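The structure under discussion appears below in the form of structure tokens.
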Amino acid sequence: MSHITPIAFAIITALTLVSAIAAMSLRHLVHCALCLAVTLAGIAALYLQLGAAFVGWAQILVYIGAVAILIVFAILLTRSSEAEPRPILSPYWGVGIAIAVLVFGVLAKAIFSSSLAGRLPPEKADPTVREIGNQLMTGYVLPLEVIGLLLTAAAIGAVIIAMKDSTSGRLASPPIVPEPAQKNARPETPPAH
Amino acid sequence: MISQDHLPLHYYLILSALLFAVGLAGALTRRNAILVLVGIELMLNAANLNFIAFWRYNPNPDSLIGIMFVIFSIAVAAAEAAVGLALIIRIYRHYHTINLDKMDSLKG
Amino acid sequence: MIGNIFTGLIVMIWRVLTDQPNPKGDLLAALPEAMRPFVSVVLSISPIMMIFPGLFAATTWIERKGLGRIQNRMGPNRVGPYGWFQPVADGLKMLTKEDIVPRTADKLVHFLAPVILLVPTLLAYAVLPYGANLVPINLDAGILFFFAVGASTELSVFMAGWSSRNKYSLLGAMRAIAQMISYEIPLIISSVTVIMITGSLSLVDIVDRQAGYAFGFIPHWHVFKPWGLAGFVIFLIASLAESNRSPFDIPEAESELIAGHLTEYSGFKYALFFLSEYLGMFAMCGLAATLFLGGWRAPLPILEWVPSYVWFMGKLIALVLVFIWVRGTVPRLRVDQLLNFAWKFMLPLALLNLLVAAVWHYTAVWNFPTALIWRWLLCALLIGVPYVCLGRGLTGTKKLTRRVYRFAE
């Protein structure tokens with residue numbers, strides 16, 4: 001199947017790049033978020049093509065199943081779901097684009113001038129989940145525990161930051177509580193209209 | 001799984017650099033705070049792709065460092081997105097806008 | 001060559017029907033080298049594409065009849081004997097209805113939403129072991145793949161709700177997504193107990209681990225262990241919520257939000273949504289059968305002559321019938337009750353179930369005579385006491401007081 005690999009790589013790369021550019025340049029925020037989801041899926045496909053199956057599925061589960069949904073919810077909760085008013089770019093957008101082009105230029109020069117370019121991969125069996133699990137539990141157990149702590153802190157922190165204050169939801173008038181029925185109830189006269 | 005690839009390494013590195021540049025351009029030029037976060041996520045993903053490419057092309061076939069790095073990077077990116085978006089929602093509640101150009105009360 | 005292909009086909013069907021290994025081998029050997037991967041893929045996919053939509057059609061009939069009987073009425077009985085052709089009538093109706101798209105709707109997103117819901121749902125069928133040698137692909141990280149594609153369906157719910165530019169759709173979509181992400185956590189944690197004990201993410205390994213019989217007649221299925229029983233119940237409840245079935249069907253209940261995120265869909269797109277919901281339900285039932293009920297394994301040693309796929313489909317259909325039964329019996333939960341239930345009740349119990357699984361695993365070395373009873377007692381207490389305390393505690397905070405009226409300002 002090796003003759004399919006460059007074609008598959010070309011298709012996935014094109015899809016990823018086009019949706020990344022679309023994610024950063026579309027006017028409608030929700031479209032940007034959906035294009036980001038497509039970009040993330042393209043990157044997961046690249047992980048799968050490189051043989052990192054566990055990371056590829058974890059990327060889909062975490063990024064598309066959680067982070068993209070978070071971004072979409074934030075767009076809705078900040079009422080940014082209508083189209084942005086013109087202009088969509090900040091006043092110094094030229095500087096931003098120039099910096100990005102410069103960064104890409106430096107990176108490309110570094111890549112092409114290094115001896116790593118043009119290297120071919122060794123024949124390697126895809127790592128099983130068992131090996132990754134072993135490594136996580138023996139060599140990388142400290143980062144694992146720290147990640148657990150970090151995720152707990154992030155979850156609690158996000159909830160506390162985004163929670164509505166109990167004082168900001170006050171009503172203009174106190175709520176209406178109906179009168180309890182009297183023991184010796186008098187028949188109520190209807191109000192005169 | 002198509003995992004016998006004979007593409008040279010720099011294809012993946014250039015793609016990762018391109019994605020990083022696109023994310024950087026978006027994070028620097030868009031006015032909406034959420035889109036800056038989207039750009040940051042793109043940059044993180046570009047770096048992760050770099051890690052996985054280097055892991056695959058490592059002459060030492062038993063090393064799993066690239067995969068480990070990316071697993072932790074994905075977890076950290078998810079945590080950071082959650083906290084960042086919570087902050088954006090809070091800022092929206094205070095300023096009623098998330099246009100970054102309008103948040104200039106610390107300037108000067 | 002045609003003769004070889006024909007015999008290869010017959011051999012394949014015979015091997016599938018009698019549970020023999022490598023069913024596709026002879027047929028693929030008769031074909032040229034270049035065609036083999038594609039033919040292999042088509043052979044794996046076509047039974048799934050034929051059986052499960054057919055099961056969907058049958059389930060719509062069973063559901064309407066079953067719900068009718070539970071509710072003391074007949075159910076459809078006009079179209080054919082006992083209403084057997086009702087699914088055909090429903091299908092024709094959906095296909096011939098006019099496809100109305102609102103004028104201000106976001107056309108591309110509105111069009112793509114049902115597609116993006118259907119494709120991951122169908123992908124999830126690729127890792128389930130349907131029989132002893134009948135798994136389409138034995139992925140090393142099978143369960144992770146299943147949950148990953150399950151999580152991808154949430155984005156399409158949002159796309160459907162948002163692109164319709166309808167406040168009911170958007171509200172329904174946000175509620176549906178909140179419900180789905182809240183119930184994903186107990187779902188995944190209850191399957192982590194199975195993964196923990198099995199030591200592998202591969203569904204084929206998990207079914208292999210459930211082989212054998214204790215005392216000669218009780219199978220080693222995970223549902224017959226205390227952590228497996230609790231995990232099975234949690235998994236079933238969470239998968240009811242994941243597929244938006246009653247009692248968790250607030251997102252698409254007609255009396256609540258018109259039809260939630262499906263309001264602006266008609267005709268074939270609505271049929272695709274409907275199909276995807278049922279296919280998702282079948283996939284969840286299939287996964288529950290694989291994780292907890294022993295997959296394709298027979299329940300008694302004397303029944304092992306029955307082919308394995310019969311057991312798998314039987315368990316799947318039994319779980320679907322349980323889902324229909326629950327739909328007809330339990331009233332619908334309000335959306336805040338639903339979310340409280342997930343976060344404050346199911347999540348702690350799912351985490352405690354992990355502890356119970358660990359306790360069960362490490363007390364397996366006890367071998368004094370009544371060890372099994374003591375182990376069961378310990379594990380049942382470990383999960384039963386918090387269950388009762390959480391249940392009492394969570395309902396105790398809501399006192400039934402006089403109703404307080406707040407009018408909109």
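Ordering of the structure tokens sets the chain letters (A, B, ...); residue numbers start at 1 within each chain; ligands are numbered from 1 in the order shown.
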
Check: What residues in chain C lie within 12 Å of chain B, counting only C-alpha atoms, written as number ranges by chain?
Finding: C: 37, 137-140

Contact check, chain C to chain A, at most 10 Å, counting only C-alpha atoms, closest pairs as JSON lines:
```
{"residue": "C:Ala34", "atom": "CA", "partner": "A:Met1", "partner_atom": "CA", "distance": 9.3}
{"residue": "C:Pro37", "atom": "CA", "partner": "A:Met1", "partner_atom": "CA", "distance": 9.3}
{"residue": "C:Asp106", "atom": "CA", "partner": "A:His31", "partner_atom": "CA", "distance": 10.0}
{"residue": "C:Val109", "atom": "CA", "partner": "A:His31", "partner_atom": "CA", "distance": 8.6}
{"residue": "C:Leu139", "atom": "CA", "partner": "A:Ala53", "partner_atom": "CA", "distance": 9.1}
{"residue": "C:Asp140", "atom": "CA", "partner": "A:Thr128", "partner_atom": "CA", "distance": 6.6}
{"residue": "C:Ala141", "atom": "CA", "partner": "A:Phe54", "partner_atom": "CA", "distance": 6.4}
{"residue": "C:Gly142", "atom": "CA", "partner": "A:Trp57", "partner_atom": "CA", "distance": 9.5}
{"residue": "C:Ile143", "atom": "CA", "partner": "A:Trp57", "partner_atom": "CA", "distance": 9.8}
{"residue": "C:Leu144", "atom": "CA", "partner": "A:Trp57", "partner_atom": "CA", "distance": 6.4}
{"residue": "C:Phe145", "atom": "CA", "partner": "A:Trp57", "partner_atom": "CA", "distance": 5.7}
{"residue": "C:Phe146", "atom": "CA", "partner": "A:Trp57", "partner_atom": "CA", "distance": 9.0}
{"residue": "C:Phe147", "atom": "CA", "partner": "A:Leu61", "partner_atom": "CA", "distance": 7.0}
{"residue": "C:Ala148", "atom": "CA", "partner": "A:Leu61", "partner_atom": "CA", "distance": 4.2}
{"residue": "C:Val149", "atom": "CA", "partner": "A:Leu61", "partner_atom": "CA", "distance": 7.3}
{"residue": "C:Gly150", "atom": "CA", "partner": "A:Gly65", "partner_atom": "CA", "distance": 8.3}
{"residue": "C:Ala151", "atom": "CA", "partner": "A:Gly65", "partner_atom": "CA", "distance": 4.6}
{"residue": "C:Ser152", "atom": "CA", "partner": "A:Gly65", "partner_atom": "CA", "distance": 5.3}
{"residue": "C:Thr153", "atom": "CA", "partner": "A:Gly65", "partner_atom": "CA", "distance": 8.1}
{"residue": "C:Glu154", "atom": "CA", "partner": "A:Gly65", "partner_atom": "CA", "distance": 7.0}
{"residue": "C:Leu155", "atom": "CA", "partner": "A:Ile69", "partner_atom": "CA", "distance": 6.7}
{"residue": "C:Ser156", "atom": "CA", "partner": "A:Leu34", "partner_atom": "CA", "distance": 9.8}
{"residue": "C:Phe158", "atom": "CA", "partner": "A:Val72", "partner_atom": "CA", "distance": 8.4}
{"residue": "C:Met159", "atom": "CA", "partner": "A:Leu34", "partner_atom": "CA", "distance": 8.5}
{"residue": "C:Trp162", "atom": "CA", "partner": "A:Val30", "partner_atom": "CA", "distance": 8.9}
{"residue": "C:Ser163", "atom": "CA", "partner": "A:Val30", "partner_atom": "CA", "distance": 9.6}
{"residue": "C:Leu170", "atom": "CA", "partner": "A:Leu76", "partner_atom": "CA", "distance": 9.5}
{"residue": "C:Met174", "atom": "CA", "partner": "A:Phe73", "partner_atom": "CA", "distance": 8.0}
{"residue": "C:Ile177", "atom": "CA", "partner": "A:Ile69", "partner_atom": "CA", "distance": 8.3}
{"residue": "C:Ala178", "atom": "CA", "partner": "A:Phe73", "partner_atom": "CA", "distance": 9.6}
{"residue": "C:Ile181", "atom": "CA", "partner": "A:Ala66", "partner_atom": "CA", "distance": 8.0}
{"residue": "C:Gly199", "atom": "CA", "partner": "A:Arg130", "partner_atom": "CA", "distance": 7.9}
{"residue": "C:Ser200", "atom": "CA", "partner": "A:Arg130", "partner_atom": "CA", "distance": 7.0}
{"residue": "C:Leu201", "atom": "CA", "partner": "A:Val129", "partner_atom": "CA", "distance": 7.4}
{"residue": "C:Ser202", "atom": "CA", "partner": "A:Val129", "partner_atom": "CA", "distance": 9.2}
{"residue": "C:Arg402", "atom": "CA", "partner": "A:Val177", "partner_atom": "CA", "distance": 8.0}
{"residue": "C:Arg403", "atom": "CA", "partner": "A:Val177", "partner_atom": "CA", "distance": 7.3}
{"residue": "C:Val404", "atom": "CA", "partner": "A:Val177", "partner_atom": "CA", "distance": 5.3}
{"residue": "C:Tyr405", "atom": "CA", "partner": "A:Ile176", "partner_atom": "CA", "distance": 5.3}
{"residue": "C:Arg406", "atom": "CA", "partner": "A:Pro175", "partner_atom": "CA", "distance": 5.2}
{"residue": "C:Phe407", "atom": "CA", "partner": "A:Pro175", "partner_atom": "CA", "distance": 7.7}
{"residue": "C:Ala408", "atom": "CA", "partner": "A:Leu171", "partner_atom": "CA", "distance": 9.1}
{"residue": "C:Glu409", "atom": "CA", "partner": "A:Ala172", "partner_atom": "CA", "distance": 7.4}
```

Return as a Markdown table the residues of chain B lying at most 6 Å from chain A, together with the closest atom-to-atom pair for each and the distance in Å to one decimal, counting only C-alpha atoms, with rows in chain order and ascending residue number.
```
| residue | atom | partner | partner_atom | distance |
| --- | --- | --- | --- | --- |
| B:Ile2 | CA | A:Gln49 | CA | 5.6 |
| B:Ser3 | CA | A:Gly51 | CA | 5.1 |
| B:Pro8 | CA | A:Gly118 | CA | 4.6 |
| B:Leu9 | CA | A:Arg119 | CA | 5.5 |
| B:His10 | CA | A:Ala117 | CA | 4.8 |
| B:Ala21 | CA | A:Ala100 | CA | 5.0 |
| B:Leu24 | CA | A:Ala100 | CA | 5.8 |
| B:Ala25 | CA | A:Ala100 | CA | 5.1 |
| B:Gly26 | CA | A:Met24 | CA | 5.0 |
| B:Leu28 | CA | A:Gly96 | CA | 5.0 |
| B:Thr29 | CA | A:Trp93 | CA | 4.7 |
| B:Arg30 | CA | A:Leu89 | CA | 4.8 |
| B:Arg31 | CA | A:Ser90 | CA | 5.2 |
| B:Tyr57 | CA | A:Pro121 | CA | 4.5 |
| B:Pro61 | CA | A:Lys124 | CA | 5.9 |
| B:Ala79 | CA | A:Ala154 | CA | 5.6 |
| B:Val83 | CA | A:Ala158 | CA | 4.8 |
| B:Ala86 | CA | A:Ala162 | CA | 5.0 |
| B:Arg90 | CA | A:Ala162 | CA | 5.7 |
```

Write down as a PDB file with C-alpha atoms, in the first residue's frame the residues belonging to stretch 45-81 of chain B that are assigned helix (DSSP H, G or I) by DSSP computed on the backbone.
```
ATOM      1  CA  ASN B  45      -1.419  20.959  17.616  1.00  0.00           C
ATOM      2  CA  ALA B  46       1.355  21.917  15.234  1.00  0.00           C
ATOM      3  CA  ALA B  47       3.907  21.309  17.983  1.00  0.00           C
ATOM      4  CA  ASN B  48       2.303  17.944  18.795  1.00  0.00           C
ATOM      5  CA  LEU B  49       2.527  16.941  15.143  1.00  0.00           C
ATOM      6  CA  ASN B  50       6.195  17.814  15.246  1.00  0.00           C
ATOM      7  CA  PHE B  51       6.698  15.563  18.243  1.00  0.00           C
ATOM      8  CA  ILE B  52       4.948  12.623  16.644  1.00  0.00           C
ATOM      9  CA  ALA B  53       6.887  13.054  13.399  1.00  0.00           C
ATOM     10  CA  PHE B  54      10.173  13.014  15.281  1.00  0.00           C
ATOM     11  CA  TRP B  55       9.064  10.026  17.310  1.00  0.00           C
ATOM     12  CA  ARG B  56       8.308   8.062  14.174  1.00  0.00           C
ATOM     13  CA  ILE B  65       9.186   9.752  24.435  1.00  0.00           C
ATOM     14  CA  GLY B  66       7.388  11.502  21.577  1.00  0.00           C
ATOM     15  CA  ILE B  67       4.110   9.772  22.312  1.00  0.00           C
ATOM     16  CA  MET B  68       4.371  10.468  26.030  1.00  0.00           C
ATOM     17  CA  PHE B  69       5.032  14.111  25.393  1.00  0.00           C
ATOM     18  CA  VAL B  70       2.036  14.422  23.118  1.00  0.00           C
ATOM     19  CA  ILE B  71      -0.300  12.636  25.540  1.00  0.00           C
ATOM     20  CA  PHE B  72       0.600  15.075  28.276  1.00  0.00           C
ATOM     21  CA  SER B  73       0.491  18.000  25.864  1.00  0.00           C
ATOM     22  CA  ILE B  74      -3.068  17.115  24.817  1.00  0.00           C
ATOM     23  CA  ALA B  75      -4.140  16.951  28.457  1.00  0.00           C
ATOM     24  CA  VAL B  76      -2.514  20.271  29.293  1.00  0.00           C
ATOM     25  CA  ALA B  77      -4.018  21.919  26.209  1.00  0.00           C
ATOM     26  CA  ALA B  78      -7.490  20.745  27.204  1.00  0.00           C
ATOM     27  CA  ALA B  79      -7.041  22.136  30.724  1.00  0.00           C
ATOM     28  CA  GLU B  80      -5.762  25.413  29.343  1.00  0.00           C
ATOM     29  CA  ALA B  81      -8.659  25.724  26.910  1.00  0.00           C
TER      30      ALA B  81
END
```
